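Q: Questions regarding the structure given below will be posed in turn.
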Amino acid sequence: MGSIKSTARLAGIMYLTMSVMAGVSFVRGFGNFVVDGDPAATMRHIPDRELIYRLGILNDMITNILFLAVVVTLYHLFVDVDRRLSMLMLVFVAVPVGMQLSSFVDHLAPLTMLQHPGDFAPMTEAQRGLVAQSVLGLHRNMGRLVTPFWGLWLFPFATLVIKSRYFPRVLGVLMMAAGAGYVVTGF
């Protein structure tokens, strides 16, 4: 039972850390760089706060990788309870994390335009800003696309919580309700 407690604690600490980092991204996210109705201002806004922009990319990448580590730890916690549900939980997180990580390429486009201005000389400042707004919008849309997955992973996780009796069963029921909320919101 000692290893179960230590694994659960590790997963909890990592989940809390990941949640704080995700909260920072949510509050200080890439939407703060977009100036609605003024694409040129958006393009000027990014280099004015380039370090914060880059740190935002790094924070989001670490958050996603940490989320995967949390679920791998949960997999180890619950694998003896139900191997198939544990694997399903892991897959339902690995897919959106992979999608999210691949979408960080979108954030590099504005930086590429800033670092290689000669390549984009035929474009006006407003056109470059429009491209920057568009690619940041693509990332936002990727977030919307993966929202149902953030709910789907909670169903096997909740079932494992209920079956394992490691935690109060009410937590599993609440997680299922949260999962349903994510899925409904995503669709």
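Residue numbering restarts at 1 for every chain of the structure tokens, chains are lettered A, B, ... in their displayed order, and ligands are numbered from 1 as they appear.
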Using only C-alpha atoms, what table do you get, as CSV, when you list each residue of range 9-49 of chain A with an atom no more than 10 Å from range 119-127 of chain A, its nearest pair of atoms, and their distance in Å rounded to one decimal, rows by chain then rising number?
A:
residue,atom,partner,partner_atom,distance
A:Asp38,CA,A:Ala126,CA,7.8
A:Pro39,CA,A:Ala126,CA,5.5
A:Ala40,CA,A:Ala126,CA,4.3
A:Ala41,CA,A:Ala126,CA,8.1
A:Thr42,CA,A:Ala126,CA,8.9
A:Met43,CA,A:Glu125,CA,7.5
A:Arg44,CA,A:Glu125,CA,8.7
Q: For Tyr182 in chain A, find every residue with an atom within 12 Å (counting only C-alpha atoms), except residues of its own chain fewer than 2 positions away, and show them as a VMD selection string.
A: chain A and resid 143 to 155 175 to 180 184 to 187
Q: Can you work out which one of A:Arg169, A:Arg54, A:Arg28, A:Arg128 has the shortest atom-to-atom distance to Pro110 in chain A, counting only C-alpha atoms?
A: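 Nearest to Pro110 in chain A: A:Arg128.
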Q: Could you list, as a VMD selection string, every residue within 7 Å of Leu160 in chain A, counting only C-alpha atoms and ignoring same-chain residues fewer than 3 positions away?
A: chain A and resid 78 81 156 to 157 163 to 164
Q: Those selected residues, please, written with C-alpha atoms and delivered as a compact mmCIF listing (two decimals), in the first residue's frame.
A:
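Listing of again_0.txt after writing:
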# COMPACT_ATOMS: atom_id res chain seq x y z
CA PHE A 78 -4.28 1.83 -11.78
CA VAL A 81 -7.10 -2.38 -11.15
CA PRO A 156 -11.78 5.74 -17.74
CA PHE A 157 -10.01 7.68 -14.98
CA LYS A 163 -13.25 0.50 -9.04
CA SER A 164 -10.01 0.91 -7.12
Q: Taking only C-alpha atoms into account, which of A:Met142, A:Ile46, A:Val170, A:Val93 comes nearest Thr112 in chain A?
A: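 Of A:Met142, A:Ile46, A:Val170, A:Val93, the one nearest Thr112 in chain A, counting only C-alpha atoms, is A:Ile46.
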Q: What is the distance, in Å and to one decimal place, between CA of Gly23 in chain A and CA of Ser86 in chain A?
A: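 Calculated distance between CA of Gly23 in chain A and CA of Ser86 in chain A is 26.2 Å.
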Q: Could you check how far CA of Met14 in chain A sits from CA of Asn32 in chain A, in Å to one decimal?
A: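 A separation of 26.8 Å between them.
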Q: How many Å lie between CA of Gly137 in chain A and CA of Gly37 in chain A, rounded to one decimal?
A: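 For CA of Gly137 in chain A relative to CA of Gly37 in chain A, the distance reads 13.5 Å.
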Q: Excluding Phe26 in chain A and its own-chain neighbours fewer than 5 positions away, which residues fall within 12 Å of it when counting only C-alpha atoms? Please give them as a PyMOL selection string.
A: chain A and resi 19-21+31-32+56+59-60+63+140+143
Q: I need the residues from that last selection saved to file as a tab-separated table (two decimals), in the first residue's frame (with all heavy atoms), if you can.
A:
chain	number	residue	atom	x	y	z
A	19	SER	N	-1.48	21.98	-13.39
A	19	SER	CA	-2.68	22.83	-13.34
A	19	SER	C	-2.32	24.30	-13.16
A	19	SER	O	-2.92	25.17	-13.79
A	19	SER	CB	-3.61	22.38	-12.22
A	19	SER	OG	-4.08	21.08	-12.47
A	20	VAL	N	-1.34	24.56	-12.30
A	20	VAL	CA	-0.90	25.95	-12.10
A	20	VAL	C	-0.30	26.49	-13.39
A	20	VAL	O	-0.61	27.61	-13.82
A	20	VAL	CB	0.11	26.04	-10.93
A	20	VAL	CG1	0.78	27.41	-10.88
A	20	VAL	CG2	-0.59	25.74	-9.61
A	21	MET	N	0.54	25.69	-14.04
A	21	MET	CA	1.15	26.13	-15.30
A	21	MET	C	0.09	26.34	-16.37
A	21	MET	O	0.16	27.30	-17.14
A	21	MET	CB	2.20	25.11	-15.76
A	21	MET	CG	3.41	25.04	-14.84
A	21	MET	SD	4.61	23.81	-15.36
A	21	MET	CE	5.32	24.64	-16.78
A	31	GLY	N	-3.64	34.77	-26.68
A	31	GLY	CA	-4.67	35.74	-27.05
A	31	GLY	C	-4.32	37.15	-26.62
A	31	GLY	O	-4.80	38.13	-27.19
A	32	ASN	N	-3.43	37.28	-25.63
A	32	ASN	CA	-3.00	38.60	-25.17
A	32	ASN	C	-2.13	39.32	-26.20
A	32	ASN	O	-1.88	40.51	-26.07
A	32	ASN	CB	-2.23	38.49	-23.86
A	32	ASN	CG	-3.12	38.05	-22.72
A	32	ASN	OD1	-4.27	38.44	-22.63
A	32	ASN	ND2	-2.59	37.21	-21.85
A	56	GLY	N	5.85	31.78	-23.05
A	56	GLY	CA	4.52	31.19	-23.16
A	56	GLY	C	4.55	29.89	-23.94
A	56	GLY	O	3.89	28.91	-23.56
A	59	ASN	N	6.20	27.34	-21.62
A	59	ASN	CA	5.28	26.96	-20.55
A	59	ASN	C	4.22	25.97	-21.06
A	59	ASN	O	3.94	24.96	-20.41
A	59	ASN	CB	4.61	28.20	-19.96
A	59	ASN	CG	3.68	27.87	-18.82
A	59	ASN	OD1	4.12	27.44	-17.76
A	59	ASN	ND2	2.40	28.06	-19.03
A	60	ASP	N	3.66	26.26	-22.22
A	60	ASP	CA	2.64	25.37	-22.78
A	60	ASP	C	3.21	24.00	-23.14
A	60	ASP	O	2.56	22.97	-22.93
A	60	ASP	CB	2.00	26.00	-24.02
A	60	ASP	CG	0.96	27.05	-23.68
A	60	ASP	OD1	0.73	27.30	-22.47
A	60	ASP	OD2	0.38	27.62	-24.61
A	63	THR	N	3.79	22.15	-19.89
A	63	THR	CA	2.49	21.76	-19.33
A	63	THR	C	1.97	20.50	-20.01
A	63	THR	O	1.51	19.57	-19.34
A	63	THR	CB	1.47	22.91	-19.50
A	63	THR	OG1	1.94	24.05	-18.79
A	63	THR	CG2	0.10	22.52	-18.98
A	140	ARG	N	-5.67	28.36	-31.35
A	140	ARG	CA	-6.89	28.45	-30.52
A	140	ARG	C	-7.90	27.40	-31.00
A	140	ARG	O	-8.56	26.74	-30.20
A	140	ARG	CB	-7.46	29.86	-30.59
A	140	ARG	CG	-8.60	30.12	-29.68
A	140	ARG	CD	-9.05	31.58	-29.60
A	140	ARG	NE	-9.04	32.29	-30.87
A	140	ARG	CZ	-8.17	33.25	-31.20
A	140	ARG	NH1	-7.22	33.63	-30.36
A	140	ARG	NH2	-8.23	33.85	-32.37
A	143	GLY	N	-7.05	24.03	-29.80
A	143	GLY	CA	-7.52	23.87	-28.42
A	143	GLY	C	-8.97	23.45	-28.37
A	143	GLY	O	-9.37	22.61	-27.55
Q: Which is closest to Leu138 in chain A among A:Ala109, A:Val72, A:Ile162, A:Met87, if we use only C-alpha atoms?
A: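 Result for the nearest residue to Leu138 in chain A: A:Ala109.
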Q: For His139 in chain A, which residue among A:Leu88, A:Ile62, A:Ala22, A:Ile57 is the nearest when counting only C-alpha atoms?
A: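 Nearest to His139 in chain A: A:Ile57.
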Q: With distances taken over only C-alpha atoms, which of A:Val105, A:Leu74, A:His45, A:Asp36 is nearest to Ile13 in chain A?
A: A:Leu74
Q: Looking at only C-alpha atoms, which of A:Ala158, A:Glu50, A:Tyr166, A:Ile4 is the one that sits closest to Leu85 in chain A?
A: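 Among A:Ala158, A:Glu50, A:Tyr166, A:Ile4, it is A:Ala158 that comes nearest to Leu85 in chain A.
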Q: I need the residues of range 2-187 of chain A that end up classed as alpha helix (DSSP H) by DSSP on the backbone, written out as a PyMOL selection string.
A: chain A and resi 2-27+39-48+50-78+83-102+105-115+125-152+154-164+169-186
Q: Output C-alpha atoms of each residue in that selection to a file, as a short mmCIF file (atom, residue, chain, number, x, y, z; two decimals), in the first residue's frame.
A:
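So the final result, stored in out_30.cif, reads:
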data_model
loop_
_atom_site.label_atom_id
_atom_site.label_comp_id
_atom_site.auth_asym_id
_atom_site.auth_seq_id
_atom_site.Cartn_x
_atom_site.Cartn_y
_atom_site.Cartn_z
CA GLY A 2 2.97 2.31 0.56
CA SER A 3 3.87 2.37 -3.13
CA ILE A 4 0.25 3.08 -4.04
CA LYS A 5 0.25 6.10 -1.72
CA SER A 6 3.57 7.37 -3.01
CA THR A 7 2.50 6.94 -6.64
CA ALA A 8 -0.80 8.71 -5.92
CA ARG A 9 1.06 11.55 -4.18
CA LEU A 10 3.49 11.91 -7.08
CA ALA A 11 0.62 12.03 -9.55
CA GLY A 12 -1.14 14.61 -7.38
CA ILE A 13 1.91 16.85 -7.07
CA MET A 14 2.57 16.69 -10.81
CA TYR A 15 -1.12 17.35 -11.56
CA LEU A 16 -1.16 20.36 -9.25
CA THR A 17 2.02 21.73 -10.85
CA MET A 18 0.60 21.16 -14.32
CA SER A 19 -2.68 22.83 -13.34
CA VAL A 20 -0.90 25.95 -12.10
CA MET A 21 1.15 26.13 -15.30
CA ALA A 22 -1.99 25.62 -17.41
CA GLY A 23 -3.70 28.38 -15.44
CA VAL A 24 -0.83 30.74 -16.22
CA SER A 25 -1.21 29.87 -19.91
CA PHE A 26 -4.95 30.42 -19.77
CA VAL A 27 -4.64 33.84 -18.11
CA PRO A 39 -3.35 42.95 -37.56
CA ALA A 40 -0.37 45.31 -37.91
CA ALA A 41 -0.53 46.09 -34.19
CA THR A 42 -0.59 42.35 -33.48
CA MET A 43 2.61 41.94 -35.47
CA ARG A 44 4.22 44.83 -33.56
CA HIS A 45 2.97 43.48 -30.24
CA ILE A 46 4.88 40.18 -30.50
CA PRO A 47 8.42 41.61 -30.77
CA ASP A 48 7.62 44.17 -28.07
CA GLU A 50 9.07 38.53 -27.46
CA LEU A 51 10.55 37.02 -24.29
CA ILE A 52 7.08 36.61 -22.77
CA TYR A 53 5.86 35.15 -26.06
CA ARG A 54 8.69 32.59 -26.09
CA LEU A 55 8.20 31.78 -22.41
CA GLY A 56 4.52 31.19 -23.16
CA ILE A 57 5.45 28.61 -25.79
CA LEU A 58 7.86 26.94 -23.37
CA ASN A 59 5.28 26.96 -20.55
CA ASP A 60 2.64 25.37 -22.78
CA MET A 61 5.05 22.71 -24.00
CA ILE A 62 6.13 21.81 -20.47
CA THR A 63 2.49 21.76 -19.33
CA ASN A 64 1.57 19.26 -22.05
CA ILE A 65 4.57 17.04 -21.38
CA LEU A 66 3.85 17.17 -17.64
CA PHE A 67 0.24 16.17 -18.32
CA LEU A 68 1.48 13.12 -20.18
CA ALA A 69 3.78 12.30 -17.23
CA VAL A 70 0.83 12.62 -14.84
CA VAL A 71 -1.21 10.15 -16.84
CA VAL A 72 1.69 7.71 -17.17
CA THR A 73 1.97 7.84 -13.37
CA LEU A 74 -1.78 7.29 -13.05
CA TYR A 75 -1.46 4.38 -15.47
CA HIS A 76 1.04 2.76 -13.10
CA LEU A 77 -1.25 3.48 -10.17
CA PHE A 78 -4.28 1.83 -11.78
CA ARG A 83 -5.24 -2.68 -17.53
CA ARG A 84 -7.56 -1.84 -20.45
CA LEU A 85 -9.12 1.19 -18.76
CA SER A 86 -5.67 2.38 -17.70
CA MET A 87 -4.46 2.12 -21.29
CA LEU A 88 -7.57 3.87 -22.60
CA MET A 89 -7.01 6.71 -20.14
CA LEU A 90 -3.42 7.02 -21.35
CA VAL A 91 -4.44 7.05 -25.04
CA PHE A 92 -7.16 9.66 -24.44
CA VAL A 93 -4.46 11.97 -23.08
CA ALA A 94 -1.62 11.07 -25.45
CA VAL A 95 -3.67 11.93 -28.55
CA PRO A 96 -4.58 15.52 -27.59
CA VAL A 97 -1.15 16.18 -26.07
CA GLY A 98 0.42 15.16 -29.39
CA MET A 99 -2.03 17.37 -31.25
CA GLN A 100 -1.35 20.30 -28.93
CA LEU A 101 2.43 19.91 -29.19
CA SER A 102 2.26 19.80 -32.99
CA VAL A 105 4.45 25.28 -34.91
CA ASP A 106 1.70 27.89 -35.36
CA HIS A 107 3.37 30.10 -32.76
CA LEU A 108 6.66 29.96 -34.57
CA ALA A 109 5.30 31.56 -37.76
CA PRO A 110 5.19 35.12 -36.36
CA LEU A 111 8.68 34.67 -34.92
CA THR A 112 9.94 33.41 -38.29
CA MET A 113 8.51 36.50 -40.00
CA LEU A 114 10.24 38.70 -37.44
CA GLN A 115 13.59 36.90 -37.64
CA GLU A 125 2.98 45.13 -42.19
CA ALA A 126 -0.79 44.64 -42.11
CA GLN A 127 -0.52 41.45 -44.18
CA ARG A 128 2.18 40.06 -41.87
CA GLY A 129 -0.06 40.93 -38.93
CA LEU A 130 -2.98 39.15 -40.56
CA VAL A 131 -0.83 36.02 -40.95
CA ALA A 132 0.21 36.29 -37.29
CA GLN A 133 -3.41 36.59 -36.18
CA SER A 134 -4.42 33.69 -38.39
CA VAL A 135 -1.81 31.27 -37.08
CA LEU A 136 -2.57 32.24 -33.48
CA GLY A 137 -6.20 31.55 -34.33
CA LEU A 138 -5.23 28.12 -35.66
CA HIS A 139 -3.73 27.27 -32.29
CA ARG A 140 -6.89 28.45 -30.52
CA ASN A 141 -8.93 26.24 -32.87
CA MET A 142 -6.67 23.29 -32.07
CA GLY A 143 -7.52 23.87 -28.42
CA ARG A 144 -11.19 23.65 -29.30
CA LEU A 145 -10.61 20.50 -31.33
CA VAL A 146 -8.96 18.65 -28.44
CA THR A 147 -11.52 19.74 -25.82
CA PRO A 148 -13.61 16.54 -26.14
CA PHE A 149 -10.46 14.49 -25.45
CA TRP A 150 -9.90 16.39 -22.21
CA GLY A 151 -13.32 15.04 -21.25
CA LEU A 152 -12.95 11.54 -22.67
CA LEU A 154 -11.89 11.45 -17.43
CA PHE A 155 -14.33 8.57 -18.06
CA PRO A 156 -11.78 5.74 -17.74
CA PHE A 157 -10.01 7.68 -14.98
CA ALA A 158 -13.27 8.10 -13.04
CA THR A 159 -14.14 4.43 -13.51
CA LEU A 160 -10.70 3.45 -12.21
CA VAL A 161 -11.15 5.72 -9.19
CA ILE A 162 -14.49 4.06 -8.43
CA LYS A 163 -13.25 0.50 -9.04
CA SER A 164 -10.01 0.91 -7.12
CA ARG A 169 -16.23 7.06 -4.97
CA VAL A 170 -17.88 10.48 -5.14
CA LEU A 171 -14.68 11.80 -6.80
CA GLY A 172 -15.21 9.34 -9.64
CA VAL A 173 -18.81 10.45 -10.07
CA LEU A 174 -17.76 14.12 -10.10
CA MET A 175 -15.04 13.36 -12.65
CA MET A 176 -17.59 11.71 -14.93
CA ALA A 177 -19.75 14.83 -14.72
CA ALA A 178 -16.73 16.97 -15.56
CA GLY A 179 -15.86 14.67 -18.46
CA ALA A 180 -19.38 14.97 -19.83
CA GLY A 181 -19.09 18.76 -19.57
CA TYR A 182 -15.87 18.79 -21.59
CA VAL A 183 -17.32 16.49 -24.27
CA VAL A 184 -20.52 18.53 -24.59
CA THR A 185 -18.55 21.80 -24.68
CA GLY A 186 -16.20 20.38 -27.30
#
